file final06.cif (mmCIF, C-alpha atoms and all ligand atoms)
data_structure
#
loop_
_atom_site.group_PDB
_atom_site.id
_atom_site.type_symbol
_atom_site.label_atom_id
_atom_site.label_comp_id
_atom_site.auth_asym_id
_atom_site.auth_seq_id
_atom_site.Cartn_x
_atom_site.Cartn_y
_atom_site.Cartn_z
ATOM 1 C CA MET S 1 -7.498 48.641 47.597
ATOM 2 C CA ILE S 2 -7.249 50.049 44.087
ATOM 3 C CA ASP S 3 -9.427 48.547 41.377
ATOM 4 C CA ILE S 4 -7.646 48.803 38.021
ATOM 5 C CA HIS S 5 -10.480 47.465 35.821
ATOM 6 C CA CYS S 6 -14.018 48.767 36.260
ATOM 7 C CA HIS S 7 -16.912 49.816 34.019
ATOM 8 C CA LEU S 8 -18.079 52.525 36.388
ATOM 9 C CA LEU S 9 -18.659 55.408 33.993
ATOM 10 C CA PRO S 10 -22.318 55.729 32.968
ATOM 11 C CA GLY S 11 -23.708 55.361 29.476
ATOM 12 C CA LEU S 12 -20.507 54.502 27.625
ATOM 13 C CA ASP S 13 -20.612 50.723 27.289
ATOM 14 C CA ASP S 14 -22.296 47.700 28.893
ATOM 15 C CA GLY S 15 -21.287 48.955 32.349
ATOM 16 C CA ALA S 16 -23.222 51.411 34.527
ATOM 17 C CA ARG S 17 -26.285 52.443 32.538
ATOM 18 C CA ASP S 18 -26.875 55.786 34.234
ATOM 19 C CA ARG S 19 -25.485 58.143 36.863
ATOM 20 C CA GLU S 20 -27.659 56.655 39.624
ATOM 21 C CA THR S 21 -26.123 53.241 39.005
ATOM 22 C CA THR S 22 -22.669 54.795 39.097
ATOM 23 C CA LEU S 23 -23.392 56.483 42.435
ATOM 24 C CA ARG S 24 -24.665 53.197 43.887
ATOM 25 C CA MET S 25 -21.543 51.458 42.597
ATOM 26 C CA LEU S 26 -19.355 54.086 44.278
ATOM 27 C CA ARG S 27 -21.081 53.465 47.622
ATOM 28 C CA THR S 28 -20.638 49.715 47.224
ATOM 29 C CA ALA S 29 -16.988 50.119 46.252
ATOM 30 C CA ALA S 30 -16.338 52.251 49.335
ATOM 31 C CA GLU S 31 -17.982 49.615 51.549
ATOM 32 C CA ASP S 32 -15.784 47.034 49.836
ATOM 33 C CA GLY S 33 -12.647 48.895 50.948
ATOM 34 C CA ILE S 34 -11.776 50.337 47.535
ATOM 35 C CA ARG S 35 -10.006 53.709 47.632
ATOM 36 C CA GLY S 36 -9.084 54.122 43.979
ATOM 37 C CA ILE S 37 -10.791 53.078 40.732
ATOM 38 C CA VAL S 38 -9.273 53.141 37.268
ATOM 39 C CA CYS S 39 -12.255 53.714 34.967
ATOM 40 C CA THR S 40 -11.892 51.375 32.000
ATOM 41 C CA PRO S 41 -14.848 51.543 29.609
ATOM 42 C CA HIS S 42 -14.691 49.316 26.536
ATOM 43 C CA PHE S 43 -13.017 51.274 23.781
ATOM 44 C CA SER S 44 -15.138 52.890 21.109
ATOM 45 C CA PRO S 45 -14.380 56.180 19.374
ATOM 46 C CA SER S 46 -17.229 57.883 21.235
ATOM 47 C CA ALA S 47 -16.310 56.343 24.610
ATOM 48 C CA TYR S 48 -12.737 57.498 24.053
ATOM 49 C CA CYS S 49 -13.900 61.075 23.469
ATOM 50 C CA GLU S 50 -16.447 61.259 26.280
ATOM 51 C CA ALA S 51 -14.898 59.197 29.083
ATOM 52 C CA GLU S 52 -12.538 61.760 30.557
ATOM 53 C CA LYS S 53 -15.179 64.478 30.769
ATOM 54 C CA ILE S 54 -17.625 62.081 32.465
ATOM 55 C CA ARG S 55 -14.942 60.886 34.865
ATOM 56 C CA GLU S 56 -14.041 64.447 35.845
ATOM 57 C CA GLU S 57 -17.706 65.227 36.539
ATOM 58 C CA LEU S 58 -17.844 62.234 38.909
ATOM 59 C CA CYS S 59 -14.659 62.987 40.819
ATOM 60 C CA SER S 60 -16.320 64.964 43.606
ATOM 61 C CA ALA S 61 -19.072 62.335 44.126
ATOM 62 C CA ALA S 62 -16.346 59.697 44.297
ATOM 63 C CA ALA S 63 -14.302 61.805 46.721
ATOM 64 C CA GLU S 64 -17.331 61.954 49.046
ATOM 65 C CA GLN S 65 -16.978 58.170 49.272
ATOM 66 C CA GLY S 66 -13.217 58.451 49.809
ATOM 67 C CA ILE S 67 -12.482 57.176 46.290
ATOM 68 C CA THR S 68 -10.134 58.653 43.696
ATOM 69 C CA LEU S 69 -10.990 58.058 40.046
ATOM 70 C CA TYR S 70 -8.326 57.532 37.383
ATOM 71 C CA GLY S 71 -8.637 57.433 33.603
ATOM 72 C CA GLY S 72 -8.197 54.370 31.440
ATOM 73 C CA MET S 73 -9.732 52.187 28.743
ATOM 74 C CA GLU S 74 -10.169 48.502 27.961
ATOM 75 C CA TYR S 75 -9.185 47.503 24.438
ATOM 76 C CA ASP S 76 -10.118 44.452 22.435
ATOM 77 C CA TYR S 77 -7.118 43.035 20.606
ATOM 78 C CA ASN S 78 -8.556 44.087 17.236
ATOM 79 C CA HIS S 79 -8.461 47.738 18.229
ATOM 80 C CA LEU S 80 -4.673 47.560 18.267
ATOM 81 C CA LEU S 81 -4.687 46.512 14.618
ATOM 82 C CA LEU S 82 -6.909 49.396 13.605
ATOM 83 C CA ASN S 83 -4.599 52.089 14.963
ATOM 84 C CA GLU S 84 -7.228 53.421 17.334
ATOM 85 C CA PRO S 85 -6.133 56.095 19.828
ATOM 86 C CA LEU S 86 -4.658 54.503 22.952
ATOM 87 C CA ARG S 87 -5.423 55.597 26.501
ATOM 88 C CA SER S 88 -3.289 53.911 29.132
ATOM 89 C CA LEU S 89 -4.227 53.171 32.739
ATOM 90 C CA ALA S 90 -3.984 56.152 35.090
ATOM 91 C CA GLY S 91 -1.458 57.981 32.934
ATOM 92 C CA SER S 92 1.042 55.108 33.117
ATOM 93 C CA ASN S 93 2.264 53.314 29.998
ATOM 94 C CA PHE S 94 0.203 50.179 30.742
ATOM 95 C CA LEU S 95 -2.602 49.276 28.338
ATOM 96 C CA LEU S 96 -5.454 46.996 29.423
ATOM 97 C CA LEU S 97 -6.097 44.451 26.702
ATOM 98 C CA ASP S 98 -8.819 41.812 26.300
ATOM 99 C CA PHE S 99 -7.722 39.146 23.798
ATOM 100 C CA CYS S 100 -11.367 38.092 23.319
ATOM 101 C CA SER S 101 -10.165 34.661 22.199
ATOM 102 C CA ALA S 102 -9.035 31.344 23.641
ATOM 103 C CA THR S 103 -5.950 31.354 21.408
ATOM 104 C CA LEU S 104 -3.357 33.988 20.710
ATOM 105 C CA PRO S 105 -4.034 35.840 17.451
ATOM 106 C CA ALA S 106 -1.627 35.365 14.565
ATOM 107 C CA GLY S 107 1.039 38.053 14.461
ATOM 108 C CA TRP S 108 0.529 39.232 18.038
ATOM 109 C CA GLU S 109 4.306 39.370 18.645
ATOM 110 C CA THR S 110 4.717 41.931 15.850
ATOM 111 C CA VAL S 111 1.875 44.063 17.175
ATOM 112 C CA PHE S 112 3.307 43.949 20.701
ATOM 113 C CA GLY S 113 6.780 44.766 19.357
ATOM 114 C CA GLU S 114 5.376 47.922 17.764
ATOM 115 C CA LEU S 115 3.644 48.884 20.997
ATOM 116 C CA GLN S 116 6.860 48.338 22.944
ATOM 117 C CA LEU S 117 8.660 50.642 20.528
ATOM 118 C CA ARG S 118 6.069 53.249 21.515
ATOM 119 C CA SER S 119 6.909 52.476 25.185
ATOM 120 C CA PHE S 120 3.581 50.797 25.946
ATOM 121 C CA ARG S 121 3.326 47.760 28.191
ATOM 122 C CA ILE S 122 0.448 45.322 28.180
ATOM 123 C CA ILE S 123 -1.777 44.003 30.946
ATOM 124 C CA ALA S 124 -3.903 41.088 29.719
ATOM 125 C CA ALA S 125 -7.425 41.302 31.155
ATOM 126 C CA HIS S 126 -8.900 38.183 32.793
ATOM 127 C CA PRO S 127 -6.818 35.446 31.075
ATOM 128 C CA GLU S 128 -8.570 32.897 33.316
ATOM 129 C CA ARG S 129 -11.807 33.535 31.410
ATOM 130 C CA LEU S 130 -10.200 33.145 27.987
ATOM 131 C CA PHE S 131 -7.437 30.578 27.959
ATOM 132 C CA GLN S 132 -7.654 26.889 28.810
ATOM 133 C CA THR S 133 -3.972 26.101 29.283
ATOM 134 C CA LEU S 134 -0.819 27.756 30.581
ATOM 135 C CA LYS S 135 0.894 27.717 27.173
ATOM 136 C CA PRO S 136 -0.450 31.043 25.791
ATOM 137 C CA VAL S 137 -0.017 32.629 29.217
ATOM 138 C CA ARG S 138 3.629 31.577 29.348
ATOM 139 C CA GLU S 139 4.171 32.921 25.816
ATOM 140 C CA LEU S 140 2.680 36.274 26.766
ATOM 141 C CA ALA S 141 4.693 36.429 29.991
ATOM 142 C CA SER S 142 7.881 35.741 28.048
ATOM 143 C CA ARG S 143 7.146 38.896 26.014
ATOM 144 C CA GLY S 144 6.686 41.026 29.128
ATOM 145 C CA VAL S 145 2.899 40.895 29.400
ATOM 146 C CA TYR S 146 1.322 41.219 32.857
ATOM 147 C CA PHE S 147 -1.945 39.675 34.000
ATOM 148 C CA GLN S 148 -5.061 41.046 35.665
ATOM 149 C CA LEU S 149 -7.392 38.398 36.993
ATOM 150 C CA THR S 150 -10.972 39.096 38.001
ATOM 151 C CA GLY S 151 -11.937 38.718 41.641
ATOM 152 C CA GLU S 152 -15.266 37.045 40.908
ATOM 153 C CA SER S 153 -13.476 34.322 38.915
ATOM 154 C CA PHE S 154 -11.982 33.031 42.179
ATOM 155 C CA LEU S 155 -15.435 33.161 43.769
ATOM 156 C CA GLY S 156 -16.913 30.840 41.149
ATOM 157 C CA ARG S 157 -19.014 33.308 39.201
ATOM 158 C CA TYR S 158 -17.730 31.986 35.877
ATOM 159 C CA GLY S 159 -17.854 28.325 36.861
ATOM 160 C CA ARG S 160 -15.636 25.794 38.507
ATOM 161 C CA GLY S 161 -13.237 25.435 35.558
ATOM 162 C CA CYS S 162 -12.584 29.158 35.471
ATOM 163 C CA ALA S 163 -12.088 29.278 39.262
ATOM 164 C CA ARG S 164 -9.662 26.402 39.088
ATOM 165 C CA PHE S 165 -7.673 28.026 36.284
ATOM 166 C CA ALA S 166 -7.618 31.339 38.178
ATOM 167 C CA PHE S 167 -6.018 29.553 41.145
ATOM 168 C CA ARG S 168 -3.617 27.800 38.801
ATOM 169 C CA LEU S 169 -2.511 31.111 37.278
ATOM 170 C CA LEU S 170 -2.071 32.609 40.726
ATOM 171 C CA SER S 171 -0.047 29.635 41.852
ATOM 172 C CA GLU S 172 2.220 29.836 38.806
ATOM 173 C CA GLY S 173 2.918 33.511 39.400
ATOM 174 C CA PHE S 174 0.743 34.735 36.497
ATOM 175 C CA CYS S 175 -1.498 36.988 38.564
ATOM 176 C CA ASP S 176 -0.092 40.491 38.919
ATOM 177 C CA TYR S 177 -3.354 42.249 39.748
ATOM 178 C CA ILE S 178 -6.850 41.304 40.839
ATOM 179 C CA ALA S 179 -9.559 43.733 39.811
ATOM 180 C CA SER S 180 -13.356 43.688 39.849
ATOM 181 C CA ASP S 181 -14.266 44.259 36.175
ATOM 182 C CA ALA S 182 -17.491 45.487 37.802
ATOM 183 C CA HIS S 183 -20.264 46.421 35.373
ATOM 184 C CA ASP S 184 -23.077 47.189 37.795
ATOM 185 C CA ASN S 185 -24.063 46.926 41.416
ATOM 186 C CA SER S 186 -25.635 43.470 41.383
ATOM 187 C CA THR S 187 -24.793 40.746 38.876
ATOM 188 C CA ARG S 188 -21.246 41.911 38.108
ATOM 189 C CA GLY S 189 -20.242 43.836 41.194
ATOM 190 C CA PHE S 190 -16.990 44.466 43.095
ATOM 191 C CA ARG S 191 -16.567 41.714 45.744
ATOM 192 C CA LEU S 192 -12.832 42.418 46.052
ATOM 193 C CA SER S 193 -12.843 42.137 49.845
ATOM 194 C CA GLU S 194 -14.635 38.770 49.633
ATOM 195 C CA CYS S 195 -12.054 37.542 47.123
ATOM 196 C CA ARG S 196 -9.233 38.916 49.255
ATOM 197 C CA SER S 197 -10.451 37.110 52.380
ATOM 198 C CA LEU S 198 -10.609 33.846 50.449
ATOM 199 C CA LEU S 199 -7.126 34.297 49.019
ATOM 200 C CA GLU S 200 -5.634 35.410 52.318
ATOM 201 C CA LYS S 201 -6.615 32.024 53.705
ATOM 202 C CA LYS S 202 -5.270 30.124 50.702
ATOM 203 C CA ALA S 203 -2.321 32.182 49.484
ATOM 204 C CA GLY S 204 -1.430 34.236 52.527
ATOM 205 C CA VAL S 205 -1.649 37.838 53.618
ATOM 206 C CA GLU S 206 1.624 38.893 52.014
ATOM 207 C CA CYS S 207 0.646 37.566 48.582
ATOM 208 C CA CYS S 208 -2.652 39.462 48.801
ATOM 209 C CA ARG S 209 -0.929 42.632 49.917
ATOM 210 C CA ARG S 210 1.156 42.484 46.752
ATOM 211 C CA ILE S 211 -1.715 41.771 44.372
ATOM 212 C CA PHE S 212 -4.454 43.968 45.878
ATOM 213 C CA ASP S 213 -2.373 46.853 47.274
ATOM 214 C CA GLY S 214 1.264 47.003 46.215
ATOM 215 C CA ASN S 215 1.028 46.243 42.521
ATOM 216 C CA PRO S 216 -1.939 48.535 41.763
ATOM 217 C CA ALA S 217 -0.258 51.326 43.766
ATOM 218 C CA ALA S 218 2.912 50.766 41.722
ATOM 219 C CA LEU S 219 0.875 50.995 38.510
ATOM 220 C CA LEU S 220 -0.418 54.424 39.508
ATOM 221 C CA LYS S 221 3.224 55.533 39.655
ATOM 222 C CA GLY S 222 4.034 53.802 36.356
ATOM 223 C CA ASP S 223 6.095 51.107 38.068
ATOM 224 C CA THR S 224 6.107 47.405 37.216
ATOM 225 C CA PRO S 225 4.343 44.902 39.460
ATOM 226 C CA GLU S 226 6.256 42.593 41.757
ATOM 227 C CA ARG S 227 5.886 38.984 40.642
ATOM 228 C CA MET S 228 5.401 36.009 42.949
ATOM 229 C CA GLU S 229 8.374 33.646 42.983
ATOM 230 C CA PRO S 230 7.564 30.480 40.980
ATOM 231 C CA VAL S 231 8.831 28.113 43.670
ATOM 232 C CA GLU S 232 6.701 29.775 46.285
ATOM 233 C CA ALA S 233 3.849 29.638 43.782
ATOM 234 C CA ARG S 234 4.235 25.944 42.964
ATOM 235 C CA GLY S 235 4.179 24.980 46.616
ATOM 236 C CA PHE S 236 1.029 27.010 46.928
ATOM 237 C CA TRP S 237 -0.583 25.185 44.001
ATOM 238 C CA ARG S 238 0.187 21.762 45.524
ATOM 239 C CA LYS S 239 -1.679 22.824 48.623
ATOM 240 C CA LEU S 240 -4.598 24.152 46.625
ATOM 241 C CA ARG S 241 -5.155 21.465 44.044
ATOM 242 C CA GLU S 242 -6.683 19.078 46.562
ATOM 243 C CA ARG S 243 -9.524 21.531 46.972
ATOM 244 C CA PHE S 244 -10.218 22.518 43.339
HETATM 245 FE FE FE S 301 -13.913 44.751 31.369
#
call {"tool": "encode", "arguments": {"input": "final06.cif", "output": "structure tokens"}}
result
Amino acid sequence: MIDIHCHLLPGLDDGARDRETTLRMLRTAAEDGIRGIVCTPHFSPSAYCEAEKIREELCSAAAEQGITLYGGMEYDYNHLLLNEPLRSLAGSNFLLLDFCSATLPAGWETVFGELQLRSFRIIAAHPERLFQTLKPVRELASRGVYFQLTGESFLGRYGRGCARFAFRLLSEGFCDYIASDAHDNSTRGFRLSECRSLLEKKAGVECCRRIFDGNPAALLKGDTPERMEPVEARGFWRKLRERF
């Protein structure tokens, strides 16, 4: 599996606090079946400057665990308004964006239009933890936004409501990637294989292959993810809703 959202790099944000934590996280990720990690510290001017050097220094330690590290960044929506420098995921033209709000900010279509003119595409980080309804998600999807859900959301870490909405988004076809958003080795860890086993039982092996393997691999090549067919998804939701 390839994890496209992870706060692995030490000392840059609220993720790994030091190199030892990072090395422990790498061991855990390897045990979890992860073979590639896109390092996505929260954007700050200093994190932007330092992240690539730190990532390069960790590449050989990661390789010892069979893991390849890729560059990236996680942006809050407000960073887009401030014309901060943009680092995409793994050299693609996808930006990882946290809306940090339960509603879509005024004027977001204009901002996204400008980004599209610069050939950027947007992946919304963990919409299941922000939004309460499908309406903003549908609006974003209609403007070409993709969605990365967090594995631990399905496992109940953020509560029953969040888990239920994560399943709803998956069932409606609004789940292009599942990533860990891991910040450490304990309270906010990887758990992708645990999430995958759960979803293989509920959504099927093929669906999981697309979300955990195919779509992240496509991202590394700059290709768009393959979306689940809505009809297939709705049937899936009918089966699920009795349980959540
Ligand atoms: Fe994050």
call {"tool": "resolve_selection", "arguments": {"input": "final06.cif", "expression": "the PyMOL selection byres (((not hetatm)) within 8 of (chain S and resi 301))", "output": "number ranges by chain"}}
result
S: 5-7, 40-42, 74, 98, 125, 181-183
call {"tool": "write_last_selection", "arguments": {"input": "final06.cif", "atoms": "C-alpha atoms", "output": "PDB file, keeping the file's coordinate frame"}}
result
ATOM      1  CA  HIS S   5     -10.480  47.465  35.821  1.00  0.00           C
ATOM      2  CA  CYS S   6     -14.018  48.767  36.260  1.00  0.00           C
ATOM      3  CA  HIS S   7     -16.912  49.816  34.019  1.00  0.00           C
ATOM      4  CA  THR S  40     -11.892  51.375  32.000  1.00  0.00           C
ATOM      5  CA  PRO S  41     -14.848  51.543  29.609  1.00  0.00           C
ATOM      6  CA  HIS S  42     -14.691  49.316  26.536  1.00  0.00           C
ATOM      7  CA  GLU S  74     -10.169  48.502  27.961  1.00  0.00           C
ATOM      8  CA  ASP S  98      -8.819  41.812  26.300  1.00  0.00           C
ATOM      9  CA  ALA S 125      -7.425  41.302  31.155  1.00  0.00           C
ATOM     10  CA  ASP S 181     -14.266  44.259  36.175  1.00  0.00           C
ATOM     11  CA  ALA S 182     -17.491  45.487  37.802  1.00  0.00           C
ATOM     12  CA  HIS S 183     -20.264  46.421  35.373  1.00  0.00           C
TER      13      HIS S 183
END
call {"tool": "residues_around", "arguments": {"input": "final06.cif", "residues": "Phe99 (chain S)", "least_positions_apart": "6", "cutoff": "12 Å", "atoms": "all atoms listed in the file", "output": "list in words"}}
result
Glu74, Tyr75, Asp76, Tyr77, Asn78, His79, Leu80, Pro105, Ala106, Trp108, Ile122, Ile123, Ala124, Ala125, His126, Pro127, Glu128, Arg129, Leu130, Phe131, Pro136, Val137, Leu140 and Phe147 of chain S
call {"tool": "closest_residue", "arguments": {"input": "final06.cif", "among": "S:Leu169, S:Ile37, S:Leu8, S:Ile2", "to": "Asp184 (chain S)", "atoms": "only C-alpha atoms"}}
result
S:Leu8
call {"tool": "closest_residue", "arguments": {"input": "final06.cif", "among": "S:Phe120, S:Ser186, S:Ile178, S:Arg168", "to": "Thr21 (chain S)", "atoms": "all atoms listed in the file"}}
result
S:Ser186
call {"tool": "resolve_selection", "arguments": {"input": "final06.cif", "expression": "the PyMOL selection byres (((chain S and resi 163) around 12) and not hetatm)", "output": "PyMOL selection string"}}
result
chain S and resi 126-129+132+149-162+164-170+195+240-241+243-244
call {"tool": "write_last_selection", "arguments": {"input": "final06.cif", "atoms": "C-alpha atoms", "output": "PDB file, in the coordinates of the input"}}
result
ATOM      1  CA  HIS S 126      -8.900  38.183  32.793  1.00  0.00           C
ATOM      2  CA  PRO S 127      -6.818  35.446  31.075  1.00  0.00           C
ATOM      3  CA  GLU S 128      -8.570  32.897  33.316  1.00  0.00           C
ATOM      4  CA  ARG S 129     -11.807  33.535  31.410  1.00  0.00           C
ATOM      5  CA  GLN S 132      -7.654  26.889  28.810  1.00  0.00           C
ATOM      6  CA  LEU S 149      -7.392  38.398  36.993  1.00  0.00           C
ATOM      7  CA  THR S 150     -10.972  39.096  38.001  1.00  0.00           C
ATOM      8  CA  GLY S 151     -11.937  38.718  41.641  1.00  0.00           C
ATOM      9  CA  GLU S 152     -15.266  37.045  40.908  1.00  0.00           C
ATOM     10  CA  SER S 153     -13.476  34.322  38.915  1.00  0.00           C
ATOM     11  CA  PHE S 154     -11.982  33.031  42.179  1.00  0.00           C
ATOM     12  CA  LEU S 155     -15.435  33.161  43.769  1.00  0.00           C
ATOM     13  CA  GLY S 156     -16.913  30.840  41.149  1.00  0.00           C
ATOM     14  CA  ARG S 157     -19.014  33.308  39.201  1.00  0.00           C
ATOM     15  CA  TYR S 158     -17.730  31.986  35.877  1.00  0.00           C
ATOM     16  CA  GLY S 159     -17.854  28.325  36.861  1.00  0.00           C
ATOM     17  CA  ARG S 160     -15.636  25.794  38.507  1.00  0.00           C
ATOM     18  CA  GLY S 161     -13.237  25.435  35.558  1.00  0.00           C
ATOM     19  CA  CYS S 162     -12.584  29.158  35.471  1.00  0.00           C
ATOM     20  CA  ARG S 164      -9.662  26.402  39.088  1.00  0.00           C
ATOM     21  CA  PHE S 165      -7.673  28.026  36.284  1.00  0.00           C
ATOM     22  CA  ALA S 166      -7.618  31.339  38.178  1.00  0.00           C
ATOM     23  CA  PHE S 167      -6.018  29.553  41.145  1.00  0.00           C
ATOM     24  CA  ARG S 168      -3.617  27.800  38.801  1.00  0.00           C
ATOM     25  CA  LEU S 169      -2.511  31.111  37.278  1.00  0.00           C
ATOM     26  CA  LEU S 170      -2.071  32.609  40.726  1.00  0.00           C
ATOM     27  CA  CYS S 195     -12.054  37.542  47.123  1.00  0.00           C
ATOM     28  CA  LEU S 240      -4.598  24.152  46.625  1.00  0.00           C
ATOM     29  CA  ARG S 241      -5.155  21.465  44.044  1.00  0.00           C
ATOM     30  CA  ARG S 243      -9.524  21.531  46.972  1.00  0.00           C
ATOM     31  CA  PHE S 244     -10.218  22.518  43.339  1.00  0.00           C
TER      32      PHE S 244
END
call {"tool": "residues_around", "arguments": {"input": "final06.cif", "residues": "Met25 (chain S)", "least_positions_apart": "6", "cutoff": "12 Å", "atoms": "all atoms listed in the file", "output": "MDAnalysis selection string"}}
result
chainID S and resid 6:10 15:19 31:32 34 37 58 61:62 65 67 180 182:191
call {"tool": "closest_residue", "arguments": {"input": "final06.cif", "among": "S:Asp3, S:Glu194, S:Glu20, S:Glu139", "to": "Gly214 (chain S)", "atoms": "all atoms listed in the file"}}
result
S:Asp3
call {"tool": "residues_around", "arguments": {"input": "final06.cif", "residues": "Gln116 (chain S)", "least_positions_apart": "4", "cutoff": "12 Å", "atoms": "all atoms listed in the file", "output": "PDB file with C-alpha atoms, in the frame of the given file"}}
result
ATOM      1  CA  ASN S  93       2.264  53.314  29.998  1.00  0.00           C
ATOM      2  CA  PHE S  94       0.203  50.179  30.742  1.00  0.00           C
ATOM      3  CA  LEU S  95      -2.602  49.276  28.338  1.00  0.00           C
ATOM      4  CA  GLU S 109       4.306  39.370  18.645  1.00  0.00           C
ATOM      5  CA  THR S 110       4.717  41.931  15.850  1.00  0.00           C
ATOM      6  CA  VAL S 111       1.875  44.063  17.175  1.00  0.00           C
ATOM      7  CA  PHE S 112       3.307  43.949  20.701  1.00  0.00           C
ATOM      8  CA  PHE S 120       3.581  50.797  25.946  1.00  0.00           C
ATOM      9  CA  ARG S 121       3.326  47.760  28.191  1.00  0.00           C
ATOM     10  CA  ILE S 122       0.448  45.322  28.180  1.00  0.00           C
ATOM     11  CA  ARG S 143       7.146  38.896  26.014  1.00  0.00           C
ATOM     12  CA  GLY S 144       6.686  41.026  29.128  1.00  0.00           C
ATOM     13  CA  VAL S 145       2.899  40.895  29.400  1.00  0.00           C
TER      14      VAL S 145
END
call {"tool": "closest_residue", "arguments": {"input": "final06.cif", "among": "S:Cys175, S:Met73, S:Ala47, S:Val205", "to": "Leu12 (chain S)", "atoms": "all atoms listed in the file"}}
result
S:Ala47
call {"tool": "build_atoms", "arguments": {"input": "final06.cif", "residues": "region 84-97 of chain S", "atoms": "N, CA and C atoms", "output": "tab-separated table (two decimals), in the coordinates of the input"}}
result
chain	number	residue	atom	x	y	z
S	84	GLU	N	-6.36	52.55	16.56
S	84	GLU	CA	-7.23	53.42	17.33
S	84	GLU	C	-6.38	54.20	18.34
S	85	PRO	N	-6.89	55.36	18.81
S	85	PRO	CA	-6.13	56.10	19.83
S	85	PRO	C	-6.05	55.30	21.13
S	86	LEU	N	-4.89	55.34	21.77
S	86	LEU	CA	-4.66	54.50	22.95
S	86	LEU	C	-4.63	55.35	24.23
S	87	ARG	N	-5.46	54.95	25.18
S	87	ARG	CA	-5.42	55.60	26.50
S	87	ARG	C	-4.95	54.55	27.51
S	88	SER	N	-3.87	54.86	28.18
S	88	SER	CA	-3.29	53.91	29.13
S	88	SER	C	-4.01	54.03	30.48
S	89	LEU	N	-3.61	53.18	31.42
S	89	LEU	CA	-4.23	53.17	32.74
S	89	LEU	C	-3.60	54.24	33.63
S	90	ALA	N	-4.40	55.15	34.09
S	90	ALA	CA	-3.98	56.15	35.09
S	90	ALA	C	-2.72	56.90	34.68
S	91	GLY	N	-2.60	57.19	33.39
S	91	GLY	CA	-1.46	57.98	32.93
S	91	GLY	C	-0.14	57.23	32.93
S	92	SER	N	-0.18	55.92	33.19
S	92	SER	CA	1.04	55.11	33.12
S	92	SER	C	1.27	54.74	31.65
S	93	ASN	N	2.18	53.80	31.38
S	93	ASN	CA	2.26	53.31	30.00
S	93	ASN	C	1.70	51.89	29.86
S	94	PHE	N	0.84	51.49	30.81
S	94	PHE	CA	0.20	50.18	30.74
S	94	PHE	C	-1.14	50.28	30.01
S	95	LEU	N	-1.31	49.38	29.03
S	95	LEU	CA	-2.60	49.28	28.34
S	95	LEU	C	-3.33	48.03	28.83
S	96	LEU	N	-4.64	48.15	29.02
S	96	LEU	CA	-5.45	47.00	29.42
S	96	LEU	C	-6.06	46.38	28.17
S	97	LEU	N	-5.76	45.09	27.97
S	97	LEU	CA	-6.10	44.45	26.70
S	97	LEU	C	-6.86	43.14	26.92
